[in-house]
Amino acid sequence: MTPSPSVPAELRSLNGHLFHVSKAPDKLRHLINDLSRAAKYISYAIKTTEAGLAGSVNMFGEEQVKLDVLSDRIIQEHLRENLLVSSYACEEHDSIVDLSPDAPYAVAFDPLDGSSLVDANLAIGSIFGIYEGKEIIGHTPREQVAALYVLYGPRTLLVYSTGSGVHEFLLNDVGEFILLREHLGIGDNAKNFSPGNLRGIDESQGYRDIVESWLSQQMTLRYSGCLVADVHHIFSKGQGIFTFPASHKYPQGKLRHAFECGPFAYLVNQAGGAASDGTQEILDIPITAVDQRCPLFIGSKNEVQRLCTSLAMKK
Ligand code: F6P
Ligand code: MN
């Protein structure tokens, strides 16, 4: 996991990579740098906040802030400070939050994805989608100008794209994100499967058929319960499929379009994979509300296609 020493030092830092390799516009580079800085504080908070837990009281009798609320505040403060964001949408607020009216970007984010796994000490993450303009409503995820996620696991990783591939960085001991892999690609065929909401097999013969085909092919099961970790597994291994269909319990699916499905659809597409809600590409579904949900089938192209065909044949 040591970055290649043949890559010049200035291209290995996140800022250097954004500037020299991705050639991101300055304001976008500053925004991504600021989000990465917020992620460092979140990474630190995860390690140091007392069990990181909700509503608990610390040794001084003070109420502890939930880690997901804290993460939201950390990101919010960074966005408020930099004057680059006109508005944002995130999991912790029901409606769009206005920031700097004349700023160039709008951001959708999930501050702490998988936060229910904190007490189990499993990996969790933050997800960001960046759009030009005043707000994200009415846009499609294809219009994102960048997307990134941060995975807080045994190590903290950041993965971003500004539209020319997907790049992976590792947070080093002195607090700098350093290039780990220049390009993450996703092959067309899956050997791993990550099947969310298996309740759906009782309601869709097509979903049941495909899950049974994965079992009979003896594909490898990888499911942690954190979207960031599960999709990062696909990026890391260069193949795989993650599914989260709708079901009686989640009639529209569970995952949020603006800040879960959308950013990952952008990133997976950049890596050569595909993302669908079963009938259309996630990238083309307009964002109509902050809490809009959609089913998600994402990863290796052929497997996503096979799944969509199976769903279409047998409802
Ligand atoms: O944010 C929702 C989330 O925590 C995702 O990270 C994850 O993929 C999903 O829910 C897991 O849902 P379940 O616990 O139903 O498997
Ligand atoms: Mn989430």
# chains A, B, ... in the order shown; residues from 1 in each chain; ligands from 1
call {"tool": "residues_near_ligand", "arguments": {"ligand": "ligand 1", "cutoff": "7 Å", "atoms": "only C-alpha atoms and all ligand atoms", "output": "list of chain:residue names"}}
result
A:Asp113, A:Gly114, A:Ser115, A:Ser116, A:Gly196, A:Asn197, A:Gly225, A:Cys226, A:Leu227, A:Val228, A:Lys254, A:Leu255
call {"tool": "closest_atom_pairs", "arguments": {"of": "chain A", "to": "ligand 2", "cutoff": "12 Å", "atoms": "only C-alpha atoms and all ligand atoms", "output": "tab-separated table"}}
result
residue	atom	partner	partner_atom_place_in_ligand_line	distance
A:Asp68	CA	ligand 2	1 (Mn)	9.9
A:Cys90	CA	ligand 2	1 (Mn)	9.9
A:Glu91	CA	ligand 2	1 (Mn)	7.6
A:Glu92	CA	ligand 2	1 (Mn)	10.4
A:Ala108	CA	ligand 2	1 (Mn)	11.9
A:Phe109	CA	ligand 2	1 (Mn)	9.2
A:Asp110	CA	ligand 2	1 (Mn)	5.8
A:Pro111	CA	ligand 2	1 (Mn)	7.9
A:Leu112	CA	ligand 2	1 (Mn)	6.5
A:Asp113	CA	ligand 2	1 (Mn)	3.6
A:Gly114	CA	ligand 2	1 (Mn)	5.5
A:Ser115	CA	ligand 2	1 (Mn)	7.5
A:Ser116	CA	ligand 2	1 (Mn)	9.5
A:Leu117	CA	ligand 2	1 (Mn)	11.0
A:Ile124	CA	ligand 2	1 (Mn)	9.1
A:Gly125	CA	ligand 2	1 (Mn)	8.2
A:Ser126	CA	ligand 2	1 (Mn)	8.1
A:Ile127	CA	ligand 2	1 (Mn)	8.1
A:Phe128	CA	ligand 2	1 (Mn)	11.1
A:Tyr149	CA	ligand 2	1 (Mn)	11.5
A:Gly225	CA	ligand 2	1 (Mn)	9.8
A:Cys226	CA	ligand 2	1 (Mn)	7.4
A:Leu227	CA	ligand 2	1 (Mn)	6.9
A:Val228	CA	ligand 2	1 (Mn)	8.2
A:Ala229	CA	ligand 2	1 (Mn)	10.9
A:Asp230	CA	ligand 2	1 (Mn)	11.8
A:Lys254	CA	ligand 2	1 (Mn)	9.2
A:Leu255	CA	ligand 2	1 (Mn)	7.0
A:Arg256	CA	ligand 2	1 (Mn)	7.5
A:His257	CA	ligand 2	1 (Mn)	10.5
A:Ala258	CA	ligand 2	1 (Mn)	10.9
A:Phe259	CA	ligand 2	1 (Mn)	8.0
A:Glu260	CA	ligand 2	1 (Mn)	6.4
A:Cys261	CA	ligand 2	1 (Mn)	9.7
A:Pro263	CA	ligand 2	1 (Mn)	11.8
A:Phe264	CA	ligand 2	1 (Mn)	11.7
A:Asp291	CA	ligand 2	1 (Mn)	11.5
A:Arg293	CA	ligand 2	1 (Mn)	11.3
call {"tool": "select_by_dssp", "arguments": {"residues": "region 44-174 of chain A", "states": "strand (DSSP E)", "output": "PyMOL selection string"}}
result
chain A and resi 85-90+97-98+105-113+124-132+146-152+156-161+167-171
call {"tool": "write_last_selection", "arguments": {"atoms": "C-alpha atoms", "output": "CSV table (one decimal), in the first residue's frame"}}
result
chain,number,residue,atom,x,y,z
A,85,VAL,CA,-20.9,26.8,-1.7
A,86,SER,CA,-24.3,28.4,-2.5
A,87,SER,CA,-26.4,25.6,-0.9
A,88,TYR,CA,-26.2,22.0,0.3
A,89,ALA,CA,-28.4,19.0,0.8
A,90,CYS,CA,-27.5,16.4,3.4
A,97,VAL,CA,-29.6,24.7,3.4
A,98,ASP,CA,-28.6,28.0,1.8
A,105,TYR,CA,-21.1,25.2,-6.3
A,106,ALA,CA,-23.9,23.2,-4.6
A,107,VAL,CA,-23.0,20.1,-2.6
A,108,ALA,CA,-24.9,17.0,-1.6
A,109,PHE,CA,-23.4,14.9,1.2
A,110,ASP,CA,-23.9,12.1,3.7
A,111,PRO,CA,-21.8,13.2,6.6
A,112,LEU,CA,-21.5,9.7,8.2
A,113,ASP,CA,-22.7,6.8,6.2
A,124,ILE,CA,-18.0,4.0,8.0
A,125,GLY,CA,-17.7,6.8,5.5
A,126,SER,CA,-18.6,10.3,4.2
A,127,ILE,CA,-20.0,10.8,0.7
A,128,PHE,CA,-20.0,14.1,-1.4
A,129,GLY,CA,-21.5,15.1,-4.8
A,130,ILE,CA,-20.6,18.5,-6.2
A,131,TYR,CA,-22.6,20.4,-8.8
A,132,GLU,CA,-22.1,23.8,-10.4
A,146,ALA,CA,-16.9,16.0,-9.0
A,147,ALA,CA,-17.7,13.3,-6.5
A,148,LEU,CA,-15.7,11.8,-3.6
A,149,TYR,CA,-16.0,9.6,-0.6
A,150,VAL,CA,-13.9,9.1,2.5
A,151,LEU,CA,-13.7,5.6,4.1
A,152,TYR,CA,-12.9,5.6,7.8
A,156,THR,CA,-8.6,6.5,6.3
A,157,LEU,CA,-8.9,6.6,2.5
A,158,LEU,CA,-10.2,9.3,0.1
A,159,VAL,CA,-11.4,8.5,-3.4
A,160,TYR,CA,-12.3,11.2,-5.9
A,161,SER,CA,-13.1,12.0,-9.5
A,167,HIS,CA,-8.1,8.3,-7.8
A,168,GLU,CA,-7.4,6.9,-4.4
A,169,PHE,CA,-5.5,8.5,-1.5
A,170,LEU,CA,-4.4,7.4,1.9
A,171,LEU,CA,-4.3,9.7,5.0
call {"tool": "atom_distance", "arguments": {"atom1": "CA of Arg222 (chain A)", "atom2": "CA of Leu179 (chain A)"}}
result
25.6 Å
call {"tool": "select_by_dssp", "arguments": {"residues": "region 232-294 of chain A", "states": "alpha helix (DSSP H)", "output": "PyMOL selection string"}}
result
chain A and resi 232-237+262-270
call {"tool": "write_last_selection", "arguments": {"atoms": "C-alpha atoms", "output": "mmCIF file, in the first residue's frame"}}
result
data_model
loop_
_atom_site.group_PDB
_atom_site.id
_atom_site.type_symbol
_atom_site.label_atom_id
_atom_site.label_comp_id
_atom_site.auth_asym_id
_atom_site.auth_seq_id
_atom_site.Cartn_x
_atom_site.Cartn_y
_atom_site.Cartn_z
ATOM 1 C CA HIS A 232 -15.175 0.721 -1.984
ATOM 2 C CA HIS A 233 -14.641 -3.030 -1.866
ATOM 3 C CA ILE A 234 -15.759 -3.148 -5.509
ATOM 4 C CA PHE A 235 -13.363 -0.325 -6.443
ATOM 5 C CA SER A 236 -10.556 -1.935 -4.540
ATOM 6 C CA LYS A 237 -10.952 -5.422 -6.018
ATOM 7 C CA GLY A 262 -25.831 9.854 -7.203
ATOM 8 C CA PRO A 263 -22.195 10.332 -6.137
ATOM 9 C CA PHE A 264 -21.476 6.591 -6.334
ATOM 10 C CA ALA A 265 -23.122 6.355 -9.769
ATOM 11 C CA TYR A 266 -20.779 9.132 -10.968
ATOM 12 C CA LEU A 267 -17.686 7.482 -9.490
ATOM 13 C CA VAL A 268 -18.533 3.952 -10.656
ATOM 14 C CA ASN A 269 -19.271 5.243 -14.148
ATOM 15 C CA GLN A 270 -15.863 6.954 -14.166
#
call {"tool": "closest_residue", "arguments": {"among": "A:Pro101, A:Gly272, A:Gly133, A:Gly206", "to": "Ile186 (chain A)", "atoms": "only C-alpha atoms"}}
result
A:Gly272
call {"tool": "closest_residue", "arguments": {"among": "A:Ala39, A:Ile136, A:Met219, A:Val145", "to": "Lys27 (chain A)", "atoms": "only C-alpha atoms"}}
result
A:Val145
call {"tool": "atom_distance", "arguments": {"atom1": "CA of Glu176 (chain A)", "atom2": "CA of Arg155 (chain A)"}}
result
12.6 Å
call {"tool": "atom_distance", "arguments": {"atom1": "CA of Val290 (chain A)", "atom2": "CA of Arg73 (chain A)"}}
result
17.8 Å
call {"tool": "residues_around", "arguments": {"residues": "Leu70 (chain A)", "least_positions_apart": "2", "cutoff": "10 Å", "atoms": "only C-alpha atoms", "output": "VMD selection string"}}
result
chain A and resid 41 to 42 45 to 46 49 52 64 to 68 72 to 76 111 to 112
call {"tool": "closest_residue", "arguments": {"among": "A:Lys47, A:Ala24, A:Leu35, A:Gln305", "to": "Asn189 (chain A)", "atoms": "only C-alpha atoms"}}
result
A:Gln305
call {"tool": "residues_around", "arguments": {"residues": "region 277-284 of chain A", "least_positions_apart": "4", "cutoff": "8 Å", "atoms": "only C-alpha atoms", "output": "compact mmCIF listing (two decimals) with all heavy atoms, in the first residue's frame"}}
result
# COMPACT_ATOMS: atom_id res chain seq x y z
N THR A 140 -29.48 16.20 -12.59
CA THR A 140 -29.26 14.76 -12.53
C THR A 140 -27.82 14.51 -12.07
O THR A 140 -26.94 15.35 -12.29
CB THR A 140 -29.42 14.11 -13.92
OG1 THR A 140 -28.41 14.66 -14.79
CG2 THR A 140 -30.80 14.39 -14.50
N PRO A 141 -27.56 13.35 -11.48
CA PRO A 141 -26.20 13.07 -11.02
C PRO A 141 -25.16 13.11 -12.13
O PRO A 141 -23.98 13.33 -11.88
CB PRO A 141 -26.31 11.66 -10.43
CG PRO A 141 -27.74 11.57 -9.98
CD PRO A 141 -28.53 12.34 -11.00
N ARG A 142 -25.60 12.94 -13.40
CA ARG A 142 -24.64 13.05 -14.51
C ARG A 142 -24.03 14.45 -14.57
O ARG A 142 -22.93 14.64 -15.10
CB ARG A 142 -25.36 12.73 -15.83
CG ARG A 142 -24.41 12.32 -16.93
CD ARG A 142 -25.15 12.03 -18.22
NE ARG A 142 -25.86 10.77 -18.26
CZ ARG A 142 -25.29 9.57 -18.40
NH1 ARG A 142 -23.98 9.48 -18.50
NH2 ARG A 142 -26.01 8.48 -18.43
N PRO A 245 -32.46 -3.33 -3.47
CA PRO A 245 -33.74 -3.16 -4.15
C PRO A 245 -34.79 -2.53 -3.24
O PRO A 245 -34.59 -2.45 -2.02
CB PRO A 245 -34.13 -4.60 -4.49
CG PRO A 245 -33.51 -5.41 -3.40
CD PRO A 245 -32.23 -4.72 -3.02
N CYS A 261 -26.77 7.39 -3.78
CA CYS A 261 -26.77 6.77 -5.12
C CYS A 261 -26.05 7.65 -6.15
O CYS A 261 -25.22 7.16 -6.93
CB CYS A 261 -28.20 6.50 -5.57
SG CYS A 261 -29.12 5.50 -4.40
N GLY A 262 -26.36 8.95 -6.17
CA GLY A 262 -25.83 9.85 -7.20
C GLY A 262 -24.31 9.92 -7.23
O GLY A 262 -23.70 9.67 -8.28
N ALA A 265 -22.87 6.62 -8.35
CA ALA A 265 -23.12 6.36 -9.77
C ALA A 265 -22.08 7.09 -10.62
O ALA A 265 -21.53 6.54 -11.57
CB ALA A 265 -24.53 6.80 -10.14
N TYR A 266 -21.78 8.34 -10.24
CA TYR A 266 -20.78 9.13 -10.97
C TYR A 266 -19.40 8.46 -10.90
O TYR A 266 -18.72 8.28 -11.90
CB TYR A 266 -20.74 10.54 -10.36
CG TYR A 266 -19.75 11.49 -10.98
CD1 TYR A 266 -20.09 12.29 -12.06
CD2 TYR A 266 -18.46 11.60 -10.46
CE1 TYR A 266 -19.17 13.17 -12.62
CE2 TYR A 266 -17.53 12.47 -11.01
CZ TYR A 266 -17.89 13.26 -12.08
OH TYR A 266 -16.98 14.14 -12.63
N CYS A 294 -33.92 5.75 -4.01
CA CYS A 294 -34.09 4.88 -5.17
C CYS A 294 -33.40 3.55 -4.93
O CYS A 294 -32.46 3.45 -4.14
CB CYS A 294 -33.61 5.54 -6.46
SG CYS A 294 -32.00 6.24 -6.42
N PRO A 295 -33.92 2.50 -5.61
CA PRO A 295 -33.23 1.23 -5.56
C PRO A 295 -31.86 1.40 -6.21
O PRO A 295 -31.70 2.27 -7.07
CB PRO A 295 -34.11 0.31 -6.44
CG PRO A 295 -35.41 1.02 -6.58
CD PRO A 295 -35.11 2.48 -6.47
N LEU A 296 -30.88 0.62 -5.79
CA LEU A 296 -29.52 0.78 -6.34
C LEU A 296 -28.93 -0.57 -6.70
O LEU A 296 -28.87 -1.48 -5.86
CB LEU A 296 -28.63 1.49 -5.31
CG LEU A 296 -27.17 1.73 -5.73
CD1 LEU A 296 -27.08 2.68 -6.94
CD2 LEU A 296 -26.35 2.30 -4.57
N PHE A 297 -28.49 -0.68 -7.96
CA PHE A 297 -27.76 -1.86 -8.44
C PHE A 297 -26.50 -1.32 -9.10
O PHE A 297 -26.59 -0.63 -10.12
CB PHE A 297 -28.63 -2.65 -9.43
CG PHE A 297 -29.99 -2.98 -8.86
CD1 PHE A 297 -31.13 -2.32 -9.31
CD2 PHE A 297 -30.12 -3.91 -7.83
CE1 PHE A 297 -32.37 -2.59 -8.76
CE2 PHE A 297 -31.36 -4.18 -7.27
CZ PHE A 297 -32.49 -3.53 -7.73
N LEU A 307 -28.76 -8.33 -14.05
CA LEU A 307 -29.74 -8.12 -12.98
C LEU A 307 -30.95 -7.34 -13.49
O LEU A 307 -32.10 -7.72 -13.23
CB LEU A 307 -29.05 -7.38 -11.83
CG LEU A 307 -29.86 -6.87 -10.65
CD1 LEU A 307 -30.76 -7.96 -10.10
CD2 LEU A 307 -28.94 -6.39 -9.57
N CYS A 308 -30.70 -6.28 -14.25
CA CYS A 308 -31.82 -5.47 -14.77
C CYS A 308 -32.67 -6.33 -15.70
O CYS A 308 -33.91 -6.23 -15.68
CB CYS A 308 -31.31 -4.23 -15.51
SG CYS A 308 -30.48 -3.09 -14.40
N LEU A 311 -34.79 -8.60 -13.56
CA LEU A 311 -35.89 -7.86 -12.92
C LEU A 311 -37.00 -7.56 -13.93
O LEU A 311 -38.18 -7.63 -13.60
CB LEU A 311 -35.38 -6.55 -12.32
CG LEU A 311 -34.43 -6.65 -11.12
CD1 LEU A 311 -33.96 -5.27 -10.71
CD2 LEU A 311 -35.09 -7.36 -9.95
N ALA A 312 -36.60 -7.24 -15.17
CA ALA A 312 -37.60 -6.87 -16.18
C ALA A 312 -38.41 -8.10 -16.62
O ALA A 312 -39.60 -8.00 -16.90
CB ALA A 312 -36.90 -6.25 -17.39
call {"tool": "closest_residue", "arguments": {"among": "A:Arg12, A:Ser213, A:Leu221, A:His139", "to": "Leu180 (chain A)", "atoms": "only C-alpha atoms"}}
result
A:Arg12
